>>> print(open('target-v4.pdb').read())   # PDB, C-alpha atoms and all ligand atoms
ATOM      1  CA  MET A   1      24.135   0.783 -24.331
ATOM      2  CA  ASP A   2      21.390  -1.655 -25.119
ATOM      3  CA  SER A   3      20.031  -3.015 -21.881
ATOM      4  CA  GLY A   4      17.691  -5.981 -21.685
ATOM      5  CA  LYS A   5      14.163  -5.812 -20.374
ATOM      6  CA  PRO A   6      13.771  -5.292 -16.619
ATOM      7  CA  LEU A   7      14.174  -8.573 -14.745
ATOM      8  CA  MET A   8      15.537  -7.910 -11.289
ATOM      9  CA  TYR A   9      13.919  -6.726  -8.085
ATOM     10  CA  GLU A  10      15.279  -4.816  -5.155
ATOM     11  CA  THR A  11      14.330  -7.495  -2.653
ATOM     12  CA  HIS A  12      15.344  -5.858   0.631
ATOM     13  CA  MET A  13      14.442  -2.270   1.554
ATOM     14  CA  HIS A  14      13.041  -0.309   4.444
ATOM     15  CA  THR A  15      10.855   2.765   5.037
ATOM     16  CA  PRO A  16      10.547   5.379   7.815
ATOM     17  CA  LEU A  17       8.193   3.015   9.663
ATOM     18  CA  CYS A  18      11.380   1.169  10.690
ATOM     19  CA  ARG A  19      12.463   4.334  12.558
ATOM     20  CA  HIS A  20      15.938   4.328  10.992
ATOM     21  CA  ALA A  21      15.275   4.514   7.232
ATOM     22  CA  PHE A  22      14.358   7.335   4.831
ATOM     23  CA  GLY A  23      12.037   7.595   1.831
ATOM     24  CA  LEU A  24       8.671   6.314   0.693
ATOM     25  CA  PRO A  25       8.261   3.155  -1.396
ATOM     26  CA  GLU A  26       7.496   5.262  -4.493
ATOM     27  CA  GLU A  27      10.854   7.030  -4.112
ATOM     28  CA  TYR A  28      12.626   3.666  -3.981
ATOM     29  CA  ALA A  29      10.582   2.613  -7.017
ATOM     30  CA  GLU A  30      11.779   5.686  -8.920
ATOM     31  CA  VAL A  31      15.418   4.681  -8.422
ATOM     32  CA  ALA A  32      14.492   1.109  -9.334
ATOM     33  CA  ALA A  33      13.160   2.367 -12.686
ATOM     34  CA  GLN A  34      16.385   4.326 -13.323
ATOM     35  CA  ARG A  35      18.467   1.223 -12.585
ATOM     36  CA  GLY A  36      16.446  -1.010 -14.918
ATOM     37  CA  LEU A  37      14.720  -3.050 -12.226
ATOM     38  CA  ARG A  38      11.363  -4.692 -12.634
ATOM     39  CA  GLY A  39      10.285  -3.809  -9.135
ATOM     40  CA  VAL A  40      10.904  -3.420  -5.440
ATOM     41  CA  ILE A  41       9.773  -5.596  -2.576
ATOM     42  CA  VAL A  42       9.283  -3.576   0.596
ATOM     43  CA  THR A  43      10.634  -5.500   3.598
ATOM     44  CA  CYS A  44      10.224  -3.386   6.720
ATOM     45  CA  HIS A  45      11.120  -4.873  10.098
ATOM     46  CA  ASN A  46       8.134  -6.733  11.502
ATOM     47  CA  PRO A  47       6.229  -5.690  14.627
ATOM     48  CA  MET A  48       7.348  -7.831  17.562
ATOM     49  CA  PRO A  49       5.770  -8.188  20.994
ATOM     50  CA  LEU A  50       6.981  -5.317  23.177
ATOM     51  CA  PRO A  51       9.536  -4.709  24.539
ATOM     52  CA  TYR A  52      11.540  -6.532  21.802
ATOM     53  CA  SER A  53      13.849  -3.887  20.194
ATOM     54  CA  PRO A  54      11.148  -1.236  19.575
ATOM     55  CA  GLU A  55      13.706   1.319  18.314
ATOM     56  CA  VAL A  56      14.099  -0.320  14.867
ATOM     57  CA  ARG A  57      10.588  -1.476  13.962
ATOM     58  CA  MET A  58       6.990  -0.463  13.448
ATOM     59  CA  ARG A  59       4.467  -1.087  16.214
ATOM     60  CA  GLN A  60       1.666  -3.585  15.833
ATOM     61  CA  HIS A  61      -0.834  -0.704  15.525
ATOM     62  CA  GLU A  62       1.160   0.599  12.517
ATOM     63  CA  PHE A  63       0.927  -2.682  10.610
ATOM     64  CA  ASP A  64      -2.175  -1.662   8.655
ATOM     65  CA  GLU A  65      -0.541   1.650   7.796
ATOM     66  CA  TYR A  66       2.418  -0.321   6.393
ATOM     67  CA  ILE A  67       0.227  -2.460   4.187
ATOM     68  CA  ASP A  68      -1.713   0.601   2.981
ATOM     69  CA  MET A  69       1.523   2.482   2.224
ATOM     70  CA  VAL A  70       2.833  -0.344   0.029
ATOM     71  CA  GLN A  71      -0.543  -0.706  -1.679
ATOM     72  CA  ALA A  72      -0.743   3.046  -2.404
ATOM     73  CA  ALA A  73       2.759   3.030  -3.912
ATOM     74  CA  ALA A  74       1.908  -0.022  -6.020
ATOM     75  CA  GLU A  75      -1.093   1.829  -7.450
ATOM     76  CA  LYS A  76       0.921   4.992  -8.125
ATOM     77  CA  THR A  77       3.690   3.177  -9.991
ATOM     78  CA  ALA A  78       1.512   0.606 -11.774
ATOM     79  CA  GLY A  79       2.587   0.192 -15.383
ATOM     80  CA  SER A  80       6.196   1.197 -14.745
ATOM     81  CA  VAL A  81       7.673  -0.494 -11.679
ATOM     82  CA  GLU A  82       6.133  -3.139  -9.438
ATOM     83  CA  VAL A  83       5.914  -2.422  -5.704
ATOM     84  CA  ARG A  84       5.247  -5.536  -3.662
ATOM     85  CA  LEU A  85       4.603  -6.344  -0.032
ATOM     86  CA  GLY A  86       7.258  -8.218   1.917
ATOM     87  CA  LEU A  87       8.501  -8.331   5.502
ATOM     88  CA  GLU A  88      11.802  -8.783   7.327
ATOM     89  CA  CYS A  89      11.019 -10.844  10.430
ATOM     90  CA  ASP A  90      13.254 -11.291  13.425
ATOM     91  CA  TYR A  91      13.756 -14.943  14.213
ATOM     92  CA  PHE A  92      14.036 -15.381  17.985
ATOM     93  CA  PRO A  93      13.136 -18.646  19.698
ATOM     94  CA  GLY A  94       9.784 -18.466  21.455
ATOM     95  CA  TYR A  95       8.124 -16.112  18.947
ATOM     96  CA  GLU A  96       7.267 -18.688  16.264
ATOM     97  CA  ALA A  97       3.511 -18.634  16.969
ATOM     98  CA  TRP A  98       3.528 -14.818  16.827
ATOM     99  CA  LEU A  99       5.241 -14.915  13.427
ATOM    100  CA  GLU A 100       2.890 -17.563  12.121
ATOM    101  CA  ARG A 101      -0.133 -15.414  12.982
ATOM    102  CA  GLN A 102       1.520 -12.307  11.565
ATOM    103  CA  LEU A 103       2.433 -13.956   8.269
ATOM    104  CA  SER A 104      -1.079 -15.251   7.735
ATOM    105  CA  SER A 105      -2.586 -11.800   8.393
ATOM    106  CA  ALA A 106      -1.635 -10.312   4.985
ATOM    107  CA  GLU A 107      -0.616 -11.452   1.513
ATOM    108  CA  PHE A 108       3.136 -11.191   1.466
ATOM    109  CA  HIS A 109       5.158 -11.786  -1.659
ATOM    110  CA  TYR A 110       8.429 -12.383   0.153
ATOM    111  CA  VAL A 111       9.382 -13.038   3.773
ATOM    112  CA  LEU A 112      12.918 -12.612   5.061
ATOM    113  CA  GLY A 113      13.999 -14.221   8.315
ATOM    114  CA  SER A 114      16.770 -12.475  10.230
ATOM    115  CA  VAL A 115      18.922 -13.375  13.182
ATOM    116  CA  HIS A 116      19.769  -9.867  14.408
ATOM    117  CA  THR A 117      22.774 -10.155  16.675
ATOM    118  CA  HIS A 118      22.836  -6.448  17.549
ATOM    119  CA  VAL A 119      19.435  -6.593  19.270
ATOM    120  CA  ALA A 120      19.705  -6.417  23.082
ATOM    121  CA  GLU A 121      17.341  -9.372  23.613
ATOM    122  CA  TYR A 122      19.463 -11.555  21.320
ATOM    123  CA  GLN A 123      22.661 -10.623  23.153
ATOM    124  CA  ALA A 124      21.086 -11.204  26.562
ATOM    125  CA  ARG A 125      20.087 -14.713  25.504
ATOM    126  CA  PHE A 126      23.186 -15.799  23.566
ATOM    127  CA  TRP A 127      26.203 -13.914  24.929
ATOM    128  CA  LYS A 128      27.886 -16.165  27.500
ATOM    129  CA  GLY A 129      31.332 -14.548  27.560
ATOM    130  CA  ASP A 130      33.002 -16.578  24.778
ATOM    131  CA  VAL A 131      33.259 -15.012  21.316
ATOM    132  CA  LEU A 132      33.669 -18.237  19.363
ATOM    133  CA  GLU A 133      30.707 -19.845  21.136
ATOM    134  CA  TYR A 134      28.662 -16.719  20.437
ATOM    135  CA  GLN A 135      29.531 -16.881  16.733
ATOM    136  CA  ARG A 136      28.771 -20.622  16.658
ATOM    137  CA  ALA A 137      25.396 -20.008  18.288
ATOM    138  CA  TYR A 138      24.584 -17.531  15.515
ATOM    139  CA  PHE A 139      24.973 -20.128  12.755
ATOM    140  CA  ASP A 140      22.963 -22.620  14.805
ATOM    141  CA  GLN A 141      20.188 -20.018  15.141
ATOM    142  CA  LEU A 142      20.328 -19.351  11.409
ATOM    143  CA  ALA A 143      19.679 -23.041  10.712
ATOM    144  CA  ALA A 144      16.953 -23.092  13.371
ATOM    145  CA  ALA A 145      15.303 -20.138  11.595
ATOM    146  CA  ALA A 146      15.278 -22.093   8.328
ATOM    147  CA  GLU A 147      13.844 -25.151  10.049
ATOM    148  CA  THR A 148      10.755 -23.202  11.156
ATOM    149  CA  ARG A 149       9.897 -23.036   7.414
ATOM    150  CA  LEU A 150       8.359 -19.624   8.113
ATOM    151  CA  PHE A 151      10.770 -17.757   5.831
ATOM    152  CA  ASP A 152      11.527 -17.759   2.112
ATOM    153  CA  CYS A 153      15.081 -16.544   2.615
ATOM    154  CA  LEU A 154      17.427 -15.674   5.486
ATOM    155  CA  SER A 155      18.955 -12.190   5.432
ATOM    156  CA  HIS A 156      22.660 -11.228   5.659
ATOM    157  CA  PRO A 157      23.585 -14.774   6.739
ATOM    158  CA  ASP A 158      26.942 -14.028   8.367
ATOM    159  CA  LEU A 159      25.854 -10.844  10.163
ATOM    160  CA  VAL A 160      27.589 -11.906  13.384
ATOM    161  CA  LYS A 161      31.010 -11.176  11.860
ATOM    162  CA  ASN A 162      30.537  -7.452  12.449
ATOM    163  CA  GLU A 163      29.513  -7.856  16.083
ATOM    164  CA  ILE A 164      33.116  -8.234  17.285
ATOM    165  CA  PRO A 165      34.989  -7.784  13.994
ATOM    166  CA  SER A 166      38.461  -8.150  15.506
ATOM    167  CA  GLU A 167      37.502 -11.687  16.553
ATOM    168  CA  TRP A 168      36.191 -12.866  13.187
ATOM    169  CA  ASN A 169      38.044 -15.933  11.939
ATOM    170  CA  PRO A 170      35.911 -17.793   9.402
ATOM    171  CA  GLU A 171      38.364 -20.732   9.319
ATOM    172  CA  ALA A 172      37.578 -21.520  12.959
ATOM    173  CA  LEU A 173      33.848 -21.531  12.168
ATOM    174  CA  LEU A 174      33.813 -23.434   8.909
ATOM    175  CA  ASP A 175      32.634 -26.716  10.438
ATOM    176  CA  ASP A 176      29.757 -24.937  12.179
ATOM    177  CA  ILE A 177      28.892 -23.056   9.012
ATOM    178  CA  ARG A 178      28.885 -26.285   6.988
ATOM    179  CA  LYS A 179      26.593 -27.982   9.515
ATOM    180  CA  ALA A 180      24.219 -25.016   9.445
ATOM    181  CA  LEU A 181      24.208 -24.993   5.627
ATOM    182  CA  ASP A 182      23.431 -28.731   5.536
ATOM    183  CA  ARG A 183      20.373 -28.053   7.710
ATOM    184  CA  ILE A 184      19.329 -25.046   5.616
ATOM    185  CA  ALA A 185      19.741 -26.975   2.351
ATOM    186  CA  ALA A 186      17.649 -29.826   3.779
ATOM    187  CA  VAL A 187      14.618 -27.544   4.198
ATOM    188  CA  GLY A 188      15.214 -25.606   0.974
ATOM    189  CA  THR A 189      15.367 -22.084   2.406
ATOM    190  CA  ALA A 190      17.196 -19.518   0.259
ATOM    191  CA  LEU A 191      19.985 -17.300   1.572
ATOM    192  CA  GLU A 192      20.543 -13.661   0.778
ATOM    193  CA  LEU A 193      23.600 -11.998  -0.714
ATOM    194  CA  ASN A 194      23.299  -8.646   1.073
ATOM    195  CA  THR A 195      25.363  -5.878  -0.507
ATOM    196  CA  SER A 196      25.166  -3.476   2.464
ATOM    197  CA  GLY A 197      28.024  -5.382   4.121
ATOM    198  CA  VAL A 198      30.503  -3.379   2.034
ATOM    199  CA  TYR A 199      29.763  -0.350   4.271
ATOM    200  CA  LYS A 200      30.420  -2.189   7.525
ATOM    201  CA  ILE A 201      33.659  -2.670   9.483
ATOM    202  CA  ILE A 202      34.447  -5.957   7.736
ATOM    203  CA  ALA A 203      33.851  -4.366   4.347
ATOM    204  CA  GLU A 204      32.472  -7.253   2.296
ATOM    205  CA  MET A 205      29.029  -8.499   1.417
ATOM    206  CA  ASN A 206      27.098 -10.853   3.693
ATOM    207  CA  PRO A 207      27.866 -13.719   3.424
ATOM    208  CA  PHE A 208      31.595 -13.913   2.680
ATOM    209  CA  ARG A 209      32.968 -15.637  -0.428
ATOM    210  CA  GLY A 210      33.981 -18.900   1.317
ATOM    211  CA  MET A 211      30.441 -19.339   2.637
ATOM    212  CA  LEU A 212      28.948 -18.676  -0.820
ATOM    213  CA  ILE A 213      31.125 -21.466  -2.226
ATOM    214  CA  GLU A 214      29.818 -23.830   0.474
ATOM    215  CA  MET A 215      26.260 -22.702  -0.334
ATOM    216  CA  ARG A 216      26.788 -23.396  -4.031
ATOM    217  CA  ALA A 217      28.042 -26.902  -3.220
ATOM    218  CA  ARG A 218      24.686 -27.533  -1.515
ATOM    219  CA  ASP A 219      22.547 -25.894  -4.233
ATOM    220  CA  ILE A 220      21.228 -23.262  -1.833
ATOM    221  CA  PRO A 221      19.423 -20.571  -3.865
ATOM    222  CA  VAL A 222      20.651 -16.974  -3.466
ATOM    223  CA  VAL A 223      18.588 -13.778  -3.505
ATOM    224  CA  ILE A 224      20.468 -10.506  -4.086
ATOM    225  CA  GLY A 225      19.337  -7.564  -1.934
ATOM    226  CA  SER A 226      20.827  -4.192  -1.003
ATOM    227  CA  ASP A 227      19.072  -3.709   2.368
ATOM    228  CA  ALA A 228      18.403  -0.116   1.278
ATOM    229  CA  HIS A 229      17.537   2.282   4.095
ATOM    230  CA  GLU A 230      17.320   5.170   1.604
ATOM    231  CA  PRO A 231      16.198   5.265  -2.051
ATOM    232  CA  GLN A 232      19.666   5.968  -3.489
ATOM    233  CA  ARG A 233      20.873   2.531  -2.368
ATOM    234  CA  VAL A 234      18.360   0.599  -4.501
ATOM    235  CA  ALA A 235      20.300  -1.997  -6.560
ATOM    236  CA  ASP A 236      23.520  -0.775  -4.945
ATOM    237  CA  HIS A 237      26.479  -3.039  -5.842
ATOM    238  CA  PHE A 238      24.226  -5.423  -7.800
ATOM    239  CA  PHE A 239      26.810  -5.700 -10.611
ATOM    240  CA  ASP A 240      29.446  -6.709  -8.036
ATOM    241  CA  ALA A 241      27.046  -9.200  -6.446
ATOM    242  CA  ILE A 242      26.400 -10.831  -9.834
ATOM    243  CA  ASP A 243      30.167 -11.065 -10.472
ATOM    244  CA  LEU A 244      30.756 -12.582  -7.030
ATOM    245  CA  LEU A 245      28.025 -15.190  -7.500
ATOM    246  CA  GLU A 246      29.516 -16.204 -10.851
ATOM    247  CA  GLU A 247      32.966 -16.479  -9.299
ATOM    248  CA  CYS A 248      31.473 -18.820  -6.688
ATOM    249  CA  GLY A 249      29.961 -21.070  -9.359
ATOM    250  CA  TYR A 250      26.377 -19.790  -9.417
ATOM    251  CA  GLU A 251      24.526 -19.470 -12.721
ATOM    252  CA  ASN A 252      21.249 -18.005 -11.450
ATOM    253  CA  ALA A 253      19.938 -15.554  -8.883
ATOM    254  CA  SER A 254      16.555 -16.159  -7.264
ATOM    255  CA  TYR A 255      13.693 -13.951  -6.145
ATOM    256  CA  PHE A 256      10.251 -14.624  -4.713
ATOM    257  CA  ILE A 257       6.833 -13.475  -5.911
ATOM    258  CA  GLY A 258       3.711 -14.768  -4.198
ATOM    259  CA  ARG A 259       6.168 -16.605  -1.927
ATOM    260  CA  SER A 260       7.272 -18.858  -4.751
ATOM    261  CA  ARG A 261      10.840 -18.866  -6.009
ATOM    262  CA  ARG A 262      11.834 -17.852  -9.526
ATOM    263  CA  GLU A 263      15.243 -17.731 -11.162
ATOM    264  CA  ILE A 264      17.069 -15.306 -13.437
ATOM    265  CA  PRO A 265      20.239 -16.351 -15.275
ATOM    266  CA  LEU A 266      23.030 -14.113 -13.975
ATOM    267  CA  GLU A 267      24.009 -13.246 -17.529
ATOM    268  CA  ASP A 268      20.516 -11.866 -18.221
ATOM    269  CA  ALA A 269      20.420 -10.126 -14.839
ATOM    270  CA  ARG A 270      23.643  -8.271 -15.657
ATOM    271  CA  ARG A 271      22.370  -7.223 -19.085
ATOM    272  CA  SER A 272      19.109  -5.917 -17.655
ATOM    273  CA  LEU A 273      20.716  -3.630 -15.064
ATOM    274  CA  ARG A 274      21.554  -0.006 -15.773
ATOM    275  CA  PRO A 275      24.514   1.727 -14.158
ATOM    276  CA  ARG A 276      23.902   4.509 -11.687
ATOM    277  CA  LEU A 277      23.515   7.911 -13.350
ATOM    278  CA  ARG A 278      24.861  10.230 -10.681
ATOM    279  CA  PRO A 279      27.449   9.729  -7.979
ATOM    280  CA  ARG A 280      25.823   8.483  -4.849
ATOM    281  CA  LYS A 281      25.414  10.739  -1.832
ATOM    282  CA  LEU A 282      24.492   8.459   1.006
ATOM    283  CA  MET A 283      22.952   9.574   4.234
ATOM    284  CA  PRO A 284      24.488   8.033   7.342
ATOM    285  CA  GLN A 285      22.799   4.719   8.077
ATOM    286  CA  ARG A 286      21.751   4.461  11.697
ATOM    287  CA  GLY A 287      21.550   1.019  13.212
ATOM    288  CA  GLY A 288      19.448  -1.748  11.770
ATOM    289  CA  SER A 289      20.241  -4.317   9.136
TER     290      SER A 289
HETATM  291 ZN    ZN B 301      18.316  -7.272   8.897
HETATM  292 ZN    ZN B 302      16.985  -5.024   6.484
END
>>> encode(input="target-v4.pdb", output="structure tokens")
Amino acid sequence: MDSGKPLMYETHMHTPLCRHAFGLPEEYAEVAAQRGLRGVIVTCHNPMPLPYSPEVRMRQHEFDEYIDMVQAAAEKTAGSVEVRLGLECDYFPGYEAWLERQLSSAEFHYVLGSVHTHVAEYQARFWKGDVLEYQRAYFDQLAAAAETRLFDCLSHPDLVKNEIPSEWNPEALLDDIRKALDRIAAVGTALELNTSGVYKIIAEMNPFRGMLIEMRARDIPVVIGSDAHEPQRVADHFFDAIDLLEECGYENASYFIGRSRREIPLEDARRSLRPRLRPRKLMPQRGGS
């Protein structure tokens, strides 16, 4: 099969510095080359002031090690696959100044903002005993994250659905979701289509189809990412993600380099991708998103 030249990036992946992922950036890059990708953007969970969820992130004193690790991989794979520095930041009100300092301390190509509902600090602040209110608060926080303008893109933007999956009723939340998307569109932040959702209890990508259609209506750019916590998941379900975006009316996927957004026509993205060679043997994914 004639595949086009590499165009796509794996835009969301982790390393052992996150304490729940496996594999070095060069191992992810190797899979990226097999799958016909142009590169990978390493997006480990950012250091946060202790004691904010230390079990899923590097410490502040490991930050330099992170940057060196990405740089070393970039040098090793130069000429074949690009390895670029990114970061997945927790958005939590009160830490904006911390994030601002952190993001100006290195040259990131891509910064994800995440509202991580499974983190104990998030639950302590936002759980008030009512599931619907809790889910509503999530979408409000997502919009608040965009409004900080600290992030290029917001990760897995309906993550809350898997918190109490039996109580997920998107119809009841649609007004809140629409209001949040209006706010996100107003500041121009992109949203992610995260393929790792297919392995969760509500087995579909994040966000769900109905939300993607609302995003398309507001011209919100979409970045495809697998949220790989092991090299074998690089570009996982990218073909399905491209199909889903087309079904929702999208014509392009976006990615960020040097923190500026670029677009790839979905048609070209599909042609550039190579199917997986061997059946996938996934290791169990522990925590984290
Ligand atoms: Zn995440
Ligand atoms: Zn992640």
>>> resolve_selection(input="target-v4.pdb", expression="the PyMOL selection byres (((not hetatm)) within 8 of (chain B and resi 302))", output="number ranges by chain")
A: 12-14, 43-45, 88, 155, 227-229, 288-289
>>> resolve_selection(input="target-v4.pdb", expression="the PyMOL selection byres (((chain A and resi 92-105) around 12) and not hetatm)", output="PDB file with C-alpha atoms, keeping the file's coordinate frame")
ATOM      1  CA  ASN A  46       8.134  -6.733  11.502  1.00  0.00           C
ATOM      2  CA  PRO A  47       6.229  -5.690  14.627  1.00  0.00           C
ATOM      3  CA  MET A  48       7.348  -7.831  17.562  1.00  0.00           C
ATOM      4  CA  PRO A  49       5.770  -8.188  20.994  1.00  0.00           C
ATOM      5  CA  LEU A  50       6.981  -5.317  23.177  1.00  0.00           C
ATOM      6  CA  TYR A  52      11.540  -6.532  21.802  1.00  0.00           C
ATOM      7  CA  SER A  53      13.849  -3.887  20.194  1.00  0.00           C
ATOM      8  CA  GLN A  60       1.666  -3.585  15.833  1.00  0.00           C
ATOM      9  CA  PHE A  63       0.927  -2.682  10.610  1.00  0.00           C
ATOM     10  CA  ASP A  64      -2.175  -1.662   8.655  1.00  0.00           C
ATOM     11  CA  ILE A  67       0.227  -2.460   4.187  1.00  0.00           C
ATOM     12  CA  LEU A  85       4.603  -6.344  -0.032  1.00  0.00           C
ATOM     13  CA  GLY A  86       7.258  -8.218   1.917  1.00  0.00           C
ATOM     14  CA  LEU A  87       8.501  -8.331   5.502  1.00  0.00           C
ATOM     15  CA  GLU A  88      11.802  -8.783   7.327  1.00  0.00           C
ATOM     16  CA  CYS A  89      11.019 -10.844  10.430  1.00  0.00           C
ATOM     17  CA  ASP A  90      13.254 -11.291  13.425  1.00  0.00           C
ATOM     18  CA  TYR A  91      13.756 -14.943  14.213  1.00  0.00           C
ATOM     19  CA  ALA A 106      -1.635 -10.312   4.985  1.00  0.00           C
ATOM     20  CA  GLU A 107      -0.616 -11.452   1.513  1.00  0.00           C
ATOM     21  CA  PHE A 108       3.136 -11.191   1.466  1.00  0.00           C
ATOM     22  CA  HIS A 109       5.158 -11.786  -1.659  1.00  0.00           C
ATOM     23  CA  TYR A 110       8.429 -12.383   0.153  1.00  0.00           C
ATOM     24  CA  VAL A 111       9.382 -13.038   3.773  1.00  0.00           C
ATOM     25  CA  LEU A 112      12.918 -12.612   5.061  1.00  0.00           C
ATOM     26  CA  GLY A 113      13.999 -14.221   8.315  1.00  0.00           C
ATOM     27  CA  SER A 114      16.770 -12.475  10.230  1.00  0.00           C
ATOM     28  CA  VAL A 115      18.922 -13.375  13.182  1.00  0.00           C
ATOM     29  CA  HIS A 116      19.769  -9.867  14.408  1.00  0.00           C
ATOM     30  CA  THR A 117      22.774 -10.155  16.675  1.00  0.00           C
ATOM     31  CA  VAL A 119      19.435  -6.593  19.270  1.00  0.00           C
ATOM     32  CA  ALA A 120      19.705  -6.417  23.082  1.00  0.00           C
ATOM     33  CA  GLU A 121      17.341  -9.372  23.613  1.00  0.00           C
ATOM     34  CA  TYR A 122      19.463 -11.555  21.320  1.00  0.00           C
ATOM     35  CA  GLN A 123      22.661 -10.623  23.153  1.00  0.00           C
ATOM     36  CA  ALA A 124      21.086 -11.204  26.562  1.00  0.00           C
ATOM     37  CA  ARG A 125      20.087 -14.713  25.504  1.00  0.00           C
ATOM     38  CA  PHE A 126      23.186 -15.799  23.566  1.00  0.00           C
ATOM     39  CA  TYR A 138      24.584 -17.531  15.515  1.00  0.00           C
ATOM     40  CA  ASP A 140      22.963 -22.620  14.805  1.00  0.00           C
ATOM     41  CA  GLN A 141      20.188 -20.018  15.141  1.00  0.00           C
ATOM     42  CA  LEU A 142      20.328 -19.351  11.409  1.00  0.00           C
ATOM     43  CA  ALA A 143      19.679 -23.041  10.712  1.00  0.00           C
ATOM     44  CA  ALA A 144      16.953 -23.092  13.371  1.00  0.00           C
ATOM     45  CA  ALA A 145      15.303 -20.138  11.595  1.00  0.00           C
ATOM     46  CA  ALA A 146      15.278 -22.093   8.328  1.00  0.00           C
ATOM     47  CA  GLU A 147      13.844 -25.151  10.049  1.00  0.00           C
ATOM     48  CA  THR A 148      10.755 -23.202  11.156  1.00  0.00           C
ATOM     49  CA  ARG A 149       9.897 -23.036   7.414  1.00  0.00           C
ATOM     50  CA  LEU A 150       8.359 -19.624   8.113  1.00  0.00           C
ATOM     51  CA  PHE A 151      10.770 -17.757   5.831  1.00  0.00           C
ATOM     52  CA  ASP A 152      11.527 -17.759   2.112  1.00  0.00           C
ATOM     53  CA  ARG A 259       6.168 -16.605  -1.927  1.00  0.00           C
TER      54      ARG A 259
END
>>> residues_around(input="target-v4.pdb", residues="stretch 26-34 of chain A", least_positions_apart="2", cutoff="12 Å", atoms="all atoms listed in the file", output="PyMOL selection string")
chain A and resi 3+5-15+21-24+36-42+69-84+226-236+238+272-278+280
>>> resolve_selection(input="target-v4.pdb", expression="the PyMOL selection byres (((chain A and resi 202-211) around 10) and not hetatm)", output="ChimeraX atom specification")
/A:155-166,168,170-171,174,177-178,181,191-201,212-217,226,237,240-241,244-245,247-248
>>> atom_distance(input="target-v4.pdb", atom1="atom CA of A:Leu173", atom2="atom CA of A:Ile224")
23.8 Å
